[in-house]
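K.L.:
Just dropping this structure here.
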Amino acid sequence: MDENMRDYIVVSNEEGDELELDVIDYFKHTDKEGNEREFAILCDMQSEENDSYIMEVVQNPDDDTEEFIPVSDEMFDELAEIAESILAEDDECCHCHDHEAGECCHGHDHEAGECCHGHDHEAGECCHGHDHEGGCCHEN
């Protein structure tokens, strides 16, 4: 990805280590009280597992900055379901790499049909063994 176009934040974990999280997508969701809230899907591209996170994005009205806040346990399952459906519709393979920039799936060549950890799109083996022709590879 182009560093100039990259949208990312730096956070500290419980051990005090800094994590650089790339913003994969934003989405809005209406809570039980009827308030529309904004959330971000984030990915730790430095980890081998590409750990993903969901955080609420709160606008600071005083200085126009954004604060990223971890979501509550009560909301997590509902938001995770929404995030999964967004990622399933996304054009990015493995959700942390850009197809157009040739960064698909840990260095595999998407044009050569090596998408998603060596599975072959043409043979219907896309993304962790799910049938590409029978539905999106991340719906199952």
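Naming works like this for the structure tokens: A, B, ... for the chains as they're shown, residue 1 at the start of each chain, ligands 1 onward in shown order.
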Would you kindly return, as a list in words, each protein, DNA or RNA residue with an atom no farther than 12 Å from any atom of Glu78 (chain A), considering only C-alpha atoms and excluding same-chain residues fewer than 3 positions away?
P.N.:
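Answer for this query is His29, Thr30, Asp31, Lys32, Ile54, Val71, Ser72, Asp73, Glu74, Met75, Glu81, Ile82, Ala83, Glu84 and Ser85 of chain A.
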K.L.:
Give me, as a list in words, all polymer residues having an atom no more than 10 Å from Tyr53 (chain A), counting only C-alpha atoms and skipping those fewer than 4 positions away in the same chain.
P.N.:
Leu21, Asp22, Val23, Ile24, Ala40, Ile41, Leu42, Cys43, Asp44, Pro70, Val71, Phe76, Ala80 and Ala83 of chain A
K.L.:
May I ask for the distance between CA of Ser52 (chain A) and CA of Glu15 (chain A), given in Å to one decimal place?
P.N.:
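One can read the CA of Ser52 (chain A) to CA of Glu15 (chain A) distance as 18.1 Å.
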K.L.:
In Å, how far is it from CA of Ile86 (chain A) to CA of Asp25 (chain A)?
P.N.:
8.3 Å
